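Peer 1: final04.cif is reproduced below (mmCIF, C-alpha atoms).
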data_my_file
#
loop_
_atom_site.label_atom_id
_atom_site.label_comp_id
_atom_site.auth_asym_id
_atom_site.auth_seq_id
_atom_site.Cartn_x
_atom_site.Cartn_y
_atom_site.Cartn_z
CA MET A 12 -24.98 -27.50 35.87
CA THR A 13 -28.54 -27.92 34.69
CA LEU A 14 -30.58 -25.02 33.37
CA LEU A 15 -32.96 -25.48 36.29
CA ILE A 16 -30.19 -24.94 38.82
CA ALA A 17 -28.92 -22.00 36.83
CA ALA A 18 -32.42 -20.49 36.90
CA ASP A 19 -32.62 -20.94 40.68
CA LEU A 20 -29.24 -19.30 41.13
CA LEU A 21 -30.30 -16.41 38.96
CA LEU A 22 -33.52 -15.99 40.93
CA ASP A 23 -31.59 -16.06 44.18
CA GLU A 24 -29.24 -13.42 42.86
CA LEU A 25 -32.12 -11.18 41.81
CA ASP A 26 -34.14 -11.69 44.97
CA ALA A 27 -31.09 -10.86 47.06
CA LEU A 28 -31.52 -7.34 45.69
CA GLN A 29 -34.61 -7.05 47.85
CA ASP A 30 -33.58 -8.23 51.25
CA SER A 31 -36.72 -8.49 53.31
CA PRO A 32 -37.92 -11.51 55.26
CA VAL A 33 -41.56 -10.59 54.74
CA ALA A 34 -41.31 -9.85 51.06
CA ASP A 35 -42.27 -13.38 50.08
CA GLU A 36 -45.57 -13.04 51.84
CA LEU A 37 -46.58 -10.35 49.38
CA GLN A 38 -44.98 -11.86 46.32
CA ASN A 39 -48.03 -13.76 45.20
CA THR A 40 -49.92 -10.54 44.71
CA GLN A 41 -49.25 -7.46 42.65
CA GLN A 42 -47.99 -4.36 44.38
CA THR A 43 -49.49 -1.09 43.30
CA ARG A 44 -47.10 0.96 41.25
CA SER A 45 -48.36 4.08 43.03
CA CYS A 46 -45.83 3.63 45.79
CA MET A 47 -42.37 2.30 46.41
CA PHE A 48 -41.82 0.93 49.84
CA ASN A 49 -42.32 -2.76 49.45
CA ASN A 50 -38.80 -3.77 50.20
CA ALA A 51 -37.49 -1.98 53.21
CA HIS A 52 -39.14 -3.35 56.32
CA GLU A 53 -37.34 -5.74 58.55
CA MET B 9 -73.17 -9.90 44.31
CA LEU B 10 -73.23 -6.21 45.10
CA THR B 11 -76.65 -4.84 45.66
CA ASP B 12 -75.95 -1.43 47.11
CA VAL B 13 -73.42 0.01 44.70
CA THR B 14 -74.57 3.03 42.84
CA LEU B 15 -72.45 3.29 39.75
CA THR B 16 -71.18 6.78 40.12
CA ARG B 17 -70.43 9.65 37.81
CA GLY B 18 -68.55 8.51 34.77
CA ALA B 19 -69.02 4.79 35.37
CA ALA B 20 -70.15 3.83 31.89
CA PRO B 21 -71.86 0.47 31.25
CA GLU B 22 -68.61 -0.97 29.96
CA TRP B 23 -66.62 -4.02 31.05
CA PRO B 24 -66.23 -4.83 33.90
CA ASN B 25 -69.11 -2.72 35.26
CA SER B 26 -71.19 -4.49 32.66
CA GLY B 27 -70.58 -8.03 31.41
CA LEU B 28 -68.60 -9.51 34.30
CA ASP B 29 -70.71 -12.25 35.90
CA ILE B 30 -69.52 -12.33 39.48
CA ASP B 31 -72.24 -14.75 40.58
CA ALA B 32 -71.03 -17.24 37.98
CA LEU B 33 -67.44 -16.82 39.15
CA LYS B 34 -68.47 -17.51 42.73
CA ALA B 35 -70.57 -20.50 41.67
CA GLY B 36 -67.44 -21.82 39.97
CA GLY B 37 -65.49 -21.63 43.23
CA TRP B 38 -63.81 -18.26 42.89
CA LYS B 39 -63.43 -16.28 46.11
CA PRO B 40 -62.31 -12.67 46.51
CA ARG B 41 -58.80 -12.18 47.89
CA PRO B 42 -58.67 -9.93 50.93
CA PHE B 43 -57.02 -6.55 50.60
CA GLU B 44 -53.42 -6.33 51.77
CA GLN B 45 -52.36 -2.87 50.58
CA PHE B 46 -54.12 0.38 51.38
CA ILE B 47 -53.37 3.71 49.75
CA VAL B 48 -54.60 6.38 52.14
CA LYS B 49 -54.98 9.83 50.62
CA ILE B 50 -54.31 12.06 53.58
CA HIS B 51 -53.96 15.24 51.50
CA SER B 52 -55.63 15.85 48.16
CA ARG B 53 -53.64 18.90 47.05
CA CYS B 54 -50.03 19.24 45.96
CA ASN B 55 -47.24 21.79 46.18
CA LEU B 56 -46.09 20.78 42.68
CA ALA B 57 -47.92 20.94 39.35
CA CYS B 58 -46.38 18.08 37.38
CA ASP B 59 -47.88 18.12 33.91
CA TYR B 60 -48.37 14.33 33.72
CA CYS B 61 -50.05 13.91 37.11
CA TYR B 62 -53.01 11.54 37.05
CA MET B 63 -54.54 13.31 40.05
CA TYR B 64 -54.93 16.72 38.46
CA GLU B 65 -53.99 16.68 34.79
CA LEU B 66 -55.76 13.65 33.31
CA ALA B 67 -59.39 12.57 32.91
CA ASP B 68 -60.62 12.35 36.52
CA GLN B 69 -61.13 15.67 38.32
CA SER B 70 -62.69 14.38 41.53
CA TRP B 71 -59.92 15.92 43.65
CA ALA B 72 -61.56 19.34 43.35
CA GLY B 73 -64.63 18.24 45.30
CA ARG B 74 -62.80 16.56 48.15
CA PRO B 75 -61.49 17.99 51.42
CA ALA B 76 -57.84 18.97 51.27
CA VAL B 77 -56.91 17.00 54.39
CA MET B 78 -58.33 13.76 55.73
CA SER B 79 -60.13 14.48 59.00
CA ARG B 80 -59.26 12.70 62.23
CA ASP B 81 -62.67 11.01 62.24
CA THR B 82 -62.03 9.64 58.76
CA ILE B 83 -58.56 8.47 59.74
CA THR B 84 -60.01 6.63 62.74
CA ALA B 85 -62.73 5.06 60.61
CA ALA B 86 -60.20 3.98 57.97
CA ALA B 87 -57.94 2.44 60.60
CA GLY B 88 -60.90 0.60 62.07
CA ARG B 89 -61.89 -0.89 58.71
CA ILE B 90 -58.32 -1.96 57.95
CA GLY B 91 -57.86 -3.52 61.38
CA GLU B 92 -61.19 -5.32 61.17
CA HIS B 93 -60.33 -6.67 57.69
CA ALA B 94 -56.86 -7.83 58.74
CA ALA B 95 -58.22 -9.64 61.79
CA ARG B 96 -61.11 -11.32 59.98
CA HIS B 97 -58.81 -12.67 57.26
CA GLN B 98 -55.86 -13.31 59.60
CA LEU B 99 -53.55 -11.37 57.32
CA PRO B 100 -49.88 -11.72 58.28
CA VAL B 101 -48.96 -8.34 56.76
CA VAL B 102 -50.82 -5.26 55.64
CA THR B 103 -49.22 -2.21 54.11
CA VAL B 104 -50.61 1.29 54.47
CA THR B 105 -49.17 3.97 52.22
CA LEU B 106 -49.79 7.65 52.91
CA HIS B 107 -50.47 9.27 49.57
CA GLY B 108 -51.91 12.35 47.98
CA GLY B 109 -51.68 14.87 46.34
CA GLU B 110 -48.60 15.43 48.43
CA PRO B 111 -49.12 13.56 51.72
CA LEU B 112 -46.51 15.53 53.66
CA LEU B 113 -48.67 18.65 53.25
CA ALA B 114 -50.92 17.09 55.89
CA GLY B 115 -48.21 17.96 58.40
CA PRO B 116 -46.48 16.03 61.18
CA ASP B 117 -49.42 16.08 63.61
CA VAL B 118 -51.82 14.38 61.18
CA ILE B 119 -49.18 11.82 60.20
CA ASP B 120 -48.43 11.12 63.84
CA PHE B 121 -52.15 10.69 64.57
CA LEU B 122 -52.66 8.38 61.61
CA ALA B 123 -49.72 6.16 62.50
CA ARG B 124 -50.97 5.83 66.09
CA GLU B 125 -54.51 5.03 64.96
CA MET B 126 -53.30 2.39 62.50
CA ARG B 127 -51.02 0.75 65.06
CA SER B 128 -53.86 0.75 67.56
CA ALA B 129 -56.42 -0.70 65.13
CA VAL B 130 -54.29 -3.41 63.55
CA GLY B 131 -53.91 -6.28 65.97
CA THR B 132 -50.70 -7.92 67.05
CA GLY B 133 -51.32 -10.87 64.76
CA THR B 134 -50.73 -8.69 61.71
CA GLN B 135 -47.54 -6.87 60.83
CA LEU B 136 -48.40 -3.29 59.82
CA ARG B 137 -46.00 -1.76 57.33
CA LEU B 138 -46.34 1.99 56.99
CA GLY B 139 -45.00 3.98 54.06
CA VAL B 140 -45.35 7.32 52.37
CA GLN B 141 -44.92 8.22 48.72
CA THR B 142 -43.75 11.81 48.46
CA ASN B 143 -42.44 14.24 45.88
CA GLY B 144 -39.57 14.82 48.31
CA ALA B 145 -39.71 18.59 48.27
CA ARG B 146 -40.89 18.88 51.88
CA LEU B 147 -38.79 16.28 53.64
CA ALA B 148 -37.95 18.57 56.53
CA PRO B 149 -36.35 17.32 59.78
CA ARG B 150 -39.60 17.71 61.77
CA ILE B 151 -41.46 15.47 59.32
CA LEU B 152 -38.60 12.98 59.14
CA ASP B 153 -38.59 12.71 62.93
CA VAL B 154 -42.27 11.73 62.92
CA LEU B 155 -41.72 9.24 60.11
CA ALA B 156 -38.79 7.73 62.00
CA ARG B 157 -40.81 7.53 65.23
CA HIS B 158 -43.41 5.36 63.48
CA ASP B 159 -41.07 3.50 61.13
CA VAL B 160 -42.75 4.97 58.04
CA ARG B 161 -40.71 4.06 54.96
CA VAL B 162 -40.30 6.77 52.34
CA GLY B 163 -40.59 6.41 48.58
CA VAL B 164 -39.62 9.47 46.56
CA SER B 165 -40.75 10.39 43.06
CA LEU B 166 -37.63 11.37 41.12
CA ASP B 167 -37.35 11.26 37.34
CA GLY B 168 -33.55 11.23 36.99
CA ASP B 169 -31.03 14.05 36.92
CA ARG B 170 -31.95 17.74 37.03
CA ALA B 171 -32.78 18.03 33.33
CA ALA B 172 -34.83 14.83 33.31
CA HIS B 173 -36.66 15.59 36.55
CA ASP B 174 -37.52 19.20 35.75
CA LEU B 175 -39.04 18.29 32.38
CA HIS B 176 -42.30 17.58 34.21
CA ARG B 177 -41.93 17.94 37.95
CA ARG B 178 -42.35 21.68 38.36
CA TYR B 179 -44.04 24.22 40.59
CA ARG B 180 -47.04 26.13 39.32
CA ASN B 181 -44.78 29.05 38.40
CA GLY B 182 -42.81 26.79 36.09
CA ARG B 183 -39.77 26.49 38.32
CA GLY B 184 -38.28 23.03 38.51
CA SER B 185 -38.49 21.14 41.81
CA TYR B 186 -35.15 19.32 41.51
CA ASP B 187 -33.18 21.50 43.94
CA ASN B 188 -35.77 21.17 46.70
CA VAL B 189 -36.17 17.46 46.10
CA MET B 190 -32.41 17.01 46.31
CA ARG B 191 -32.35 18.76 49.68
CA GLY B 192 -35.02 16.32 50.86
CA VAL B 193 -33.22 13.29 49.42
CA GLU B 194 -29.96 14.38 51.04
CA ARG B 195 -31.70 14.58 54.43
CA LEU B 196 -33.42 11.24 53.89
CA THR B 197 -30.23 9.46 52.87
CA ALA B 198 -28.14 10.87 55.73
CA SER B 199 -27.28 8.26 58.35
CA GLU B 200 -29.99 9.32 60.80
CA TYR B 201 -32.85 8.54 58.41
CA ARG B 202 -31.29 6.30 55.80
CA HIS B 203 -33.10 3.23 57.14
CA LEU B 204 -36.40 4.84 56.12
CA PHE B 205 -35.40 5.19 52.46
CA ALA B 206 -37.44 2.81 50.29
CA GLY B 207 -36.49 3.98 46.82
CA PHE B 208 -37.52 5.97 43.79
CA LEU B 209 -40.47 5.96 41.44
CA THR B 210 -39.47 7.25 38.02
CA VAL B 211 -41.81 8.07 35.16
CA ILE B 212 -40.20 7.37 31.79
CA ASP B 213 -39.78 10.23 29.35
CA LEU B 214 -38.49 9.13 25.96
CA ARG B 215 -36.33 12.26 25.77
CA ASN B 216 -34.28 11.11 28.76
CA GLU B 217 -31.36 8.81 28.03
CA PRO B 218 -32.10 5.48 29.80
CA VAL B 219 -28.63 4.61 31.10
CA ALA B 220 -27.99 8.13 32.36
CA CYS B 221 -31.40 8.03 34.03
CA TYR B 222 -30.64 4.73 35.78
CA GLU B 223 -27.18 5.85 36.86
CA SER B 224 -28.39 9.18 38.24
CA LEU B 225 -30.92 7.31 40.39
CA ALA B 226 -28.46 4.55 41.33
CA SER B 227 -25.96 7.12 42.57
CA PHE B 228 -28.12 7.48 45.71
CA ARG B 229 -27.92 3.68 46.28
CA PRO B 230 -31.70 3.38 46.70
CA PRO B 231 -33.04 0.02 47.93
CA SER B 232 -35.27 -0.05 44.89
CA ILE B 233 -36.24 1.81 41.72
CA ASP B 234 -39.28 1.42 39.52
CA PHE B 235 -39.56 2.72 35.98
CA LEU B 236 -43.17 3.65 35.26
CA LEU B 237 -44.71 3.84 31.82
CA PRO B 238 -46.54 7.18 31.50
CA HIS B 239 -50.27 6.79 31.78
CA GLY B 240 -52.25 6.55 28.59
CA THR B 241 -55.21 4.71 27.08
CA TRP B 242 -56.47 3.88 23.60
CA ALA B 243 -58.50 7.11 23.83
CA ALA B 244 -55.60 9.23 25.06
CA PRO B 245 -52.35 7.54 23.98
CA PRO B 246 -49.14 8.10 25.94
CA PRO B 247 -46.60 10.71 24.79
CA GLY B 248 -44.81 9.60 21.65
CA MET B 249 -47.53 7.08 20.77
CA GLU B 250 -49.95 9.27 18.89
CA ALA B 251 -51.88 7.66 16.02
CA ASP B 252 -49.12 8.10 13.45
CA HIS B 253 -46.26 6.89 15.62
CA ARG B 254 -43.94 4.15 14.43
CA GLY B 255 -42.04 1.43 16.19
CA THR B 256 -41.96 0.59 19.87
CA PRO B 257 -40.39 3.63 21.52
CA TYR B 258 -41.02 2.55 25.10
CA ALA B 259 -39.66 -0.96 24.46
CA ASP B 260 -36.56 0.64 22.97
CA TRP B 261 -36.11 2.78 26.11
CA LEU B 262 -36.67 -0.13 28.46
CA ILE B 263 -34.38 -2.46 26.50
CA THR B 264 -31.49 0.01 26.70
CA ALA B 265 -32.00 0.38 30.44
CA PHE B 266 -32.51 -3.36 30.96
CA ASP B 267 -29.36 -4.34 29.07
CA HIS B 268 -27.31 -1.92 31.14
CA TRP B 269 -28.89 -3.19 34.35
CA TRP B 270 -28.50 -6.82 33.40
CA GLY B 271 -24.84 -6.27 32.58
CA LEU B 272 -24.18 -4.92 36.07
CA GLY B 273 -24.60 -8.38 37.60
CA ARG B 274 -24.43 -8.25 41.38
CA GLU B 275 -23.91 -4.49 41.28
CA ARG B 276 -27.51 -4.04 40.15
CA ILE B 277 -29.93 -1.89 42.12
CA ASP B 278 -33.33 -3.54 42.38
CA VAL B 279 -35.56 -2.32 39.54
CA ARG B 280 -39.03 -3.60 40.32
CA LEU B 281 -40.18 -3.84 36.70
CA PHE B 282 -37.03 -5.61 35.55
CA ARG B 283 -36.99 -8.04 38.45
CA SER B 284 -40.70 -8.71 37.88
CA VAL B 285 -40.26 -9.58 34.22
CA THR B 286 -37.27 -11.78 34.99
CA ARG B 287 -39.09 -13.60 37.78
CA LEU B 288 -42.13 -14.13 35.57
CA LEU B 289 -39.98 -15.47 32.74
CA LEU B 290 -38.50 -17.96 35.21
CA GLY B 291 -41.92 -19.12 36.36
CA LYS B 292 -42.17 -17.11 39.58
CA SER B 293 -44.66 -14.42 40.55
CA GLY B 294 -44.51 -10.83 39.42
CA LEU B 295 -44.12 -7.97 41.86
CA SER B 296 -45.99 -5.06 40.37
CA GLU B 297 -49.30 -4.26 38.76
CA GLN B 298 -47.42 -3.19 35.63
CA ILE B 299 -46.99 -6.77 34.52
CA GLY B 300 -48.14 -10.33 35.30
CA LEU B 301 -51.38 -12.07 36.24
CA GLU B 302 -51.19 -12.09 40.05
CA PRO B 303 -54.27 -10.72 41.78
CA ALA B 304 -54.39 -7.05 42.73
CA THR B 305 -55.16 -6.69 46.44
CA PHE B 306 -55.02 -2.95 46.95
CA LEU B 307 -57.53 -0.19 47.34
CA VAL B 308 -57.55 3.54 47.89
CA ILE B 309 -59.23 5.56 50.65
CA GLU B 310 -59.78 9.16 49.61
CA THR B 311 -59.64 12.18 51.96
CA ASP B 312 -63.43 12.14 52.28
CA GLY B 313 -63.53 8.45 53.19
CA PHE B 314 -64.77 7.16 49.87
CA ILE B 315 -63.21 3.87 48.83
CA GLU B 316 -61.77 3.75 45.34
CA GLN B 317 -59.99 1.36 43.04
CA VAL B 318 -56.39 2.02 42.12
CA ASP B 319 -55.84 5.74 41.72
CA SER B 320 -54.07 5.49 38.35
CA LEU B 321 -57.51 4.72 36.87
CA LYS B 322 -57.98 8.48 37.05
CA ALA B 323 -56.12 8.45 33.72
CA ALA B 324 -58.99 6.55 32.04
CA PHE B 325 -62.11 8.66 32.49
CA ASP B 326 -63.74 10.94 35.03
CA GLY B 327 -65.00 8.79 37.87
CA ALA B 328 -63.18 5.64 36.73
CA PRO B 329 -61.75 4.68 40.16
CA ALA B 330 -65.03 5.24 42.04
CA THR B 331 -66.82 2.41 43.81
CA GLY B 332 -69.58 4.48 45.40
CA LEU B 333 -68.67 2.86 48.73
CA HIS B 334 -67.57 4.63 51.92
CA ILE B 335 -65.58 3.45 54.91
CA ALA B 336 -68.27 4.71 57.27
CA ASP B 337 -70.94 2.55 55.66
CA HIS B 338 -69.32 -0.40 53.93
CA ASP B 339 -67.33 -3.37 55.08
CA LEU B 340 -64.24 -4.02 52.95
CA ASP B 341 -65.56 -7.48 52.06
CA VAL B 342 -68.36 -5.68 50.22
CA VAL B 343 -65.77 -3.66 48.30
CA ALA B 344 -64.03 -6.90 47.33
CA GLU B 345 -67.03 -7.81 45.19
CA HIS B 346 -67.05 -4.59 43.19
CA PRO B 347 -66.66 -5.51 39.48
CA GLY B 348 -63.60 -3.29 39.10
CA ILE B 349 -61.88 -5.10 41.97
CA VAL B 350 -62.97 -8.57 40.88
CA ALA B 351 -61.74 -7.99 37.33
CA ARG B 352 -58.21 -7.69 38.67
CA GLN B 353 -58.29 -10.82 40.78
CA ILE B 354 -59.35 -13.43 38.26
CA GLY B 355 -56.18 -13.83 36.22
CA VAL B 356 -56.69 -14.94 32.62
CA ASP B 357 -60.47 -14.57 32.98
CA GLY B 358 -59.93 -10.82 33.26
CA LEU B 359 -58.21 -10.57 29.89
CA CYS B 360 -59.62 -9.85 26.44
CA ALA B 361 -59.63 -12.57 23.77
CA THR B 362 -56.46 -11.21 22.15
CA CYS B 363 -54.52 -11.39 25.42
CA ARG B 364 -55.93 -14.79 26.36
CA ALA B 365 -54.58 -16.20 23.11
CA CYS B 366 -51.21 -14.44 23.37
CA ARG B 367 -48.05 -16.51 23.83
CA LEU B 368 -46.81 -13.96 26.40
CA ARG B 369 -49.95 -13.75 28.49
CA GLU B 370 -48.48 -15.32 31.64
CA THR B 371 -45.60 -12.84 31.68
CA CYS B 372 -47.35 -9.75 30.39
CA GLY B 373 -50.71 -10.33 32.03
CA GLY B 374 -52.25 -7.75 29.70
CA GLY B 375 -50.06 -4.97 31.05
CA MET B 376 -51.25 -2.37 33.47
CA TYR B 377 -55.02 -2.34 33.82
CA PRO B 378 -55.71 1.38 33.27
CA HIS B 379 -53.68 1.29 30.06
CA ARG B 380 -56.21 -1.14 28.53
CA TYR B 381 -59.07 1.34 28.50
CA ARG B 382 -60.95 2.04 25.31
CA PRO B 383 -64.36 3.78 25.26
CA GLY B 384 -67.02 1.21 24.47
CA SER B 385 -65.18 -1.96 25.45
CA GLY B 386 -63.90 -0.60 28.76
CA PHE B 387 -60.93 -2.49 30.12
CA LEU B 388 -61.38 -5.63 28.00
CA ASN B 389 -58.60 -4.77 25.56
CA PRO B 390 -54.87 -5.28 25.17
CA SER B 391 -52.75 -2.54 26.68
CA VAL B 392 -52.13 0.55 24.60
CA TYR B 393 -48.49 -0.49 25.19
CA CYS B 394 -49.04 -4.00 23.75
CA PRO B 395 -46.39 -3.86 20.97
CA ASP B 396 -43.88 -2.30 23.37
CA LEU B 397 -44.54 -4.88 26.08
CA MET B 398 -44.18 -7.76 23.63
CA THR B 399 -40.92 -6.41 22.23
CA PHE B 400 -39.49 -5.74 25.68
CA ILE B 401 -40.51 -9.12 27.12
CA ASP B 402 -39.14 -10.98 24.10
CA HIS B 403 -35.84 -9.13 24.47
CA ALA B 404 -35.61 -9.80 28.20
CA ALA B 405 -36.44 -13.47 27.58
CA ALA B 406 -33.64 -13.77 25.05
CA LYS B 407 -31.23 -12.17 27.50
CA VAL B 408 -32.23 -14.47 30.34
CA ARG B 409 -32.15 -17.54 28.09
CA ALA B 410 -28.66 -16.71 26.84
CA ASP B 411 -27.33 -16.35 30.39
CA LEU B 412 -28.97 -19.54 31.56
CA THR B 413 -27.49 -21.43 28.65
CA LYS B 414 -24.09 -19.97 29.49
CA PHE B 415 -24.43 -20.85 33.20
CA GLY B 416 -25.89 -24.24 32.32
CA ARG B 417 -22.71 -25.18 30.57
CA GLY B 418 -20.65 -24.24 33.62
#
How does the structure come out when it is put into structure tokens?
Peer 2:
Amino acid sequence: MTLLIAADLLLDELDALQDSPVADELQNTQQTRSCMFNNAHE
Amino acid sequence: MLTDVTLTRGAAPEWPNSGLDIDALKAGGWKPRPFEQFIVKIHSRCNLACDYCYMYELADQSWAGRPAVMSRDTITAAAGRIGEHAARHQLPVVTVTLHGGEPLLAGPDVIDFLAREMRSAVGTGTQLRLGVQTNGARLAPRILDVLARHDVRVGVSLDGDRAAHDLHRRYRNGRGSYDNVMRGVERLTASEYRHLFAGFLTVIDLRNEPVACYESLASFRPPSIDFLLPHGTWAAPPPGMEADHRGTPYADWLITAFDHWWGLGRERIDVRLFRSVTRLLLGKSGLSEQIGLEPATFLVIETDGFIEQVDSLKAAFDGAPATGLHIADHDLDVVAEHPGIVARQIGVDGLCATCRACRLRETCGGGMYPHRYRPGSGFLNPSVYCPDLMTFIDHAAAKVRADLTKFGRG
């Protein structure tokens, strides 16, 4: 297995922690640390 | 370029209010990013008196001159501005977080009104995500019913177990809030409302054992946790980092927590800071303003309708978050050209020379913006947490590299 594939698998594993279909749309910007609700909408 | 911004109380001629050439940026092709996240301060007072609170206990004291509750007219105006902005920029998603003070003090009727106004103002082409960040001590069934009716997700501020939480999060009479918060968390995590639960925000205290802190939070199976570095600047360093301090105490705390978390594998609870640093190390985007170079696309609307930059700037100096702009008078595209907003959307160009030259700049991103403040040079400095961030990121990188090498051989 190449390191690149291993990195992708690791990213998949970590991103599975936050299971939201719209999360990616906000993942190219920073979320304010003043609140925690970025992950829960479906 | 802004022409109608009056630099308000406390806005010293420091970077970026002075020295950031926005016209040159625009001439070079830079364009402001539209706002996607709105922190709406619906109540400016709190039922708790946490001693580290940036609203009441640090440099900015503007809360005292604002109305306690956002009026219905202001709510309607705020909703109109957000809806107009989302439509103009064809935003697929906007998030609106009810905040304070303690936002639940506004009561169910105000929250119900706000949710209706937002849903009415934001068009069908944009998904509106509503949330509330609460201290959890007033999560009564009547409030939870309103939150459920409007699908308002709930983040709770909880610092760990009873001893950890009650170190700071107390009532004015000194009594800890843990018992009341637990009653609220138990209601929120019961089956009827569990789907609203978004997770915990946890301010780090070096006296709290990191693994015990993580495990006490994880026992509620939150969708997400974030560990927050306490606010501090070069003028007012964070606890444990006074002038004569040694070592990297916050890196040490984070490393202990990270190693435990990393070792849990698929049993991990999402920790926003840890997932952000790992994603950044692997070449993806960060998730939080604590770390990384992605643009910040959030703003704050205060109870009186004034538009502000991120509220944690209140830790820097009195008036630091102010823009001088108001939702009744100013389009949000005007706000997007405020120097304090622009400075956080230009990536490496918003960093000081030390950070630009740093080998970790793409991962660290200079750390959290308010933590860079130093009187005189403003926000054009490394973070007051710079040695801690470097130590923590290097450790996390070594951990990730070791696992990748192990997997890579598989």
Peer 1: Evaluating the PyMOL selection byres ((chain B and resi 224) around 10) on the displayed file yields which residues, as a ChimeraX atom specification?
Peer 2: /B:166-170,172,218-223,225-229
Peer 1: With 8 Å as the threshold, what does the neighbourhood of (-60.2, -9.6, 50.7) contain in terms of residues, counting all atoms listed in the file? Coordinates are those of the file; answer as number ranges by chain.
Peer 2: B: 40-44, 93, 97, 305, 340-341, 344
Peer 1: Would you kindly return, as a list in words, each protein, DNA or RNA residue with an atom no farther than 12 Å from any atom of Asp23 of chain A, considering only C-alpha atoms and excluding same-chain residues fewer than 5 positions away?
Peer 2: Ile16, Ala17, Ala18, Leu28, Gln29 and Asp30 of chain A; Arg274, Arg283, Thr286, Arg287, Leu290 and Lys292 of chain B
Peer 1: What residues in chain B lie within 8 Å of chain A, counting all atoms listed in the file, written as a PDB file with C-alpha atoms, in the coordinates of the input?
Peer 2:
ATOM      1  CA  GLN B  45     -52.360  -2.870  50.580  1.00  0.00           C
ATOM      2  CA  PRO B 100     -49.880 -11.720  58.280  1.00  0.00           C
ATOM      3  CA  VAL B 101     -48.960  -8.340  56.760  1.00  0.00           C
ATOM      4  CA  THR B 105     -49.170   3.970  52.220  1.00  0.00           C
ATOM      5  CA  ARG B 137     -46.000  -1.760  57.330  1.00  0.00           C
ATOM      6  CA  GLY B 139     -45.000   3.980  54.060  1.00  0.00           C
ATOM      7  CA  VAL B 140     -45.350   7.320  52.370  1.00  0.00           C
ATOM      8  CA  GLN B 141     -44.920   8.220  48.720  1.00  0.00           C
ATOM      9  CA  ARG B 161     -40.710   4.060  54.960  1.00  0.00           C
ATOM     10  CA  VAL B 162     -40.300   6.770  52.340  1.00  0.00           C
ATOM     11  CA  GLY B 163     -40.590   6.410  48.580  1.00  0.00           C
ATOM     12  CA  VAL B 164     -39.620   9.470  46.560  1.00  0.00           C
ATOM     13  CA  HIS B 203     -33.100   3.230  57.140  1.00  0.00           C
ATOM     14  CA  LEU B 204     -36.400   4.840  56.120  1.00  0.00           C
ATOM     15  CA  PHE B 205     -35.400   5.190  52.460  1.00  0.00           C
ATOM     16  CA  ALA B 206     -37.440   2.810  50.290  1.00  0.00           C
ATOM     17  CA  GLY B 207     -36.490   3.980  46.820  1.00  0.00           C
ATOM     18  CA  PHE B 208     -37.520   5.970  43.790  1.00  0.00           C
ATOM     19  CA  LEU B 209     -40.470   5.960  41.440  1.00  0.00           C
ATOM     20  CA  PRO B 231     -33.040   0.020  47.930  1.00  0.00           C
ATOM     21  CA  SER B 232     -35.270  -0.050  44.890  1.00  0.00           C
ATOM     22  CA  ILE B 233     -36.240   1.810  41.720  1.00  0.00           C
ATOM     23  CA  ASP B 234     -39.280   1.420  39.520  1.00  0.00           C
ATOM     24  CA  LEU B 236     -43.170   3.650  35.260  1.00  0.00           C
ATOM     25  CA  ARG B 274     -24.430  -8.250  41.380  1.00  0.00           C
ATOM     26  CA  ARG B 276     -27.510  -4.040  40.150  1.00  0.00           C
ATOM     27  CA  ILE B 277     -29.930  -1.890  42.120  1.00  0.00           C
ATOM     28  CA  ASP B 278     -33.330  -3.540  42.380  1.00  0.00           C
ATOM     29  CA  ARG B 283     -36.990  -8.040  38.450  1.00  0.00           C
ATOM     30  CA  ARG B 287     -39.090 -13.600  37.780  1.00  0.00           C
ATOM     31  CA  LEU B 290     -38.500 -17.960  35.210  1.00  0.00           C
ATOM     32  CA  SER B 293     -44.660 -14.420  40.550  1.00  0.00           C
ATOM     33  CA  GLY B 294     -44.510 -10.830  39.420  1.00  0.00           C
ATOM     34  CA  LEU B 295     -44.120  -7.970  41.860  1.00  0.00           C
ATOM     35  CA  SER B 296     -45.990  -5.060  40.370  1.00  0.00           C
ATOM     36  CA  GLU B 297     -49.300  -4.260  38.760  1.00  0.00           C
ATOM     37  CA  GLN B 298     -47.420  -3.190  35.630  1.00  0.00           C
ATOM     38  CA  GLY B 300     -48.140 -10.330  35.300  1.00  0.00           C
ATOM     39  CA  GLU B 302     -51.190 -12.090  40.050  1.00  0.00           C
ATOM     40  CA  PRO B 303     -54.270 -10.720  41.780  1.00  0.00           C
ATOM     41  CA  ALA B 304     -54.390  -7.050  42.730  1.00  0.00           C
ATOM     42  CA  THR B 305     -55.160  -6.690  46.440  1.00  0.00           C
ATOM     43  CA  PHE B 306     -55.020  -2.950  46.950  1.00  0.00           C
ATOM     44  CA  VAL B 318     -56.390   2.020  42.120  1.00  0.00           C
ATOM     45  CA  ASP B 319     -55.840   5.740  41.720  1.00  0.00           C
ATOM     46  CA  SER B 320     -54.070   5.490  38.350  1.00  0.00           C
ATOM     47  CA  LEU B 412     -28.970 -19.540  31.560  1.00  0.00           C
ATOM     48  CA  THR B 413     -27.490 -21.430  28.650  1.00  0.00           C
ATOM     49  CA  PHE B 415     -24.430 -20.850  33.200  1.00  0.00           C
ATOM     50  CA  GLY B 416     -25.890 -24.240  32.320  1.00  0.00           C
ATOM     51  CA  ARG B 417     -22.710 -25.180  30.570  1.00  0.00           C
ATOM     52  CA  GLY B 418     -20.650 -24.240  33.620  1.00  0.00           C
TER      53      GLY B 418
END
Peer 1: Take atom CA of Ala265 of chain B and atom CA of Arg195 of chain B and report the distance between them in Å, one decimal.
Peer 2: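 Pair atom CA of Ala265 of chain B / atom CA of Arg195 of chain B returns 27.9 Å.
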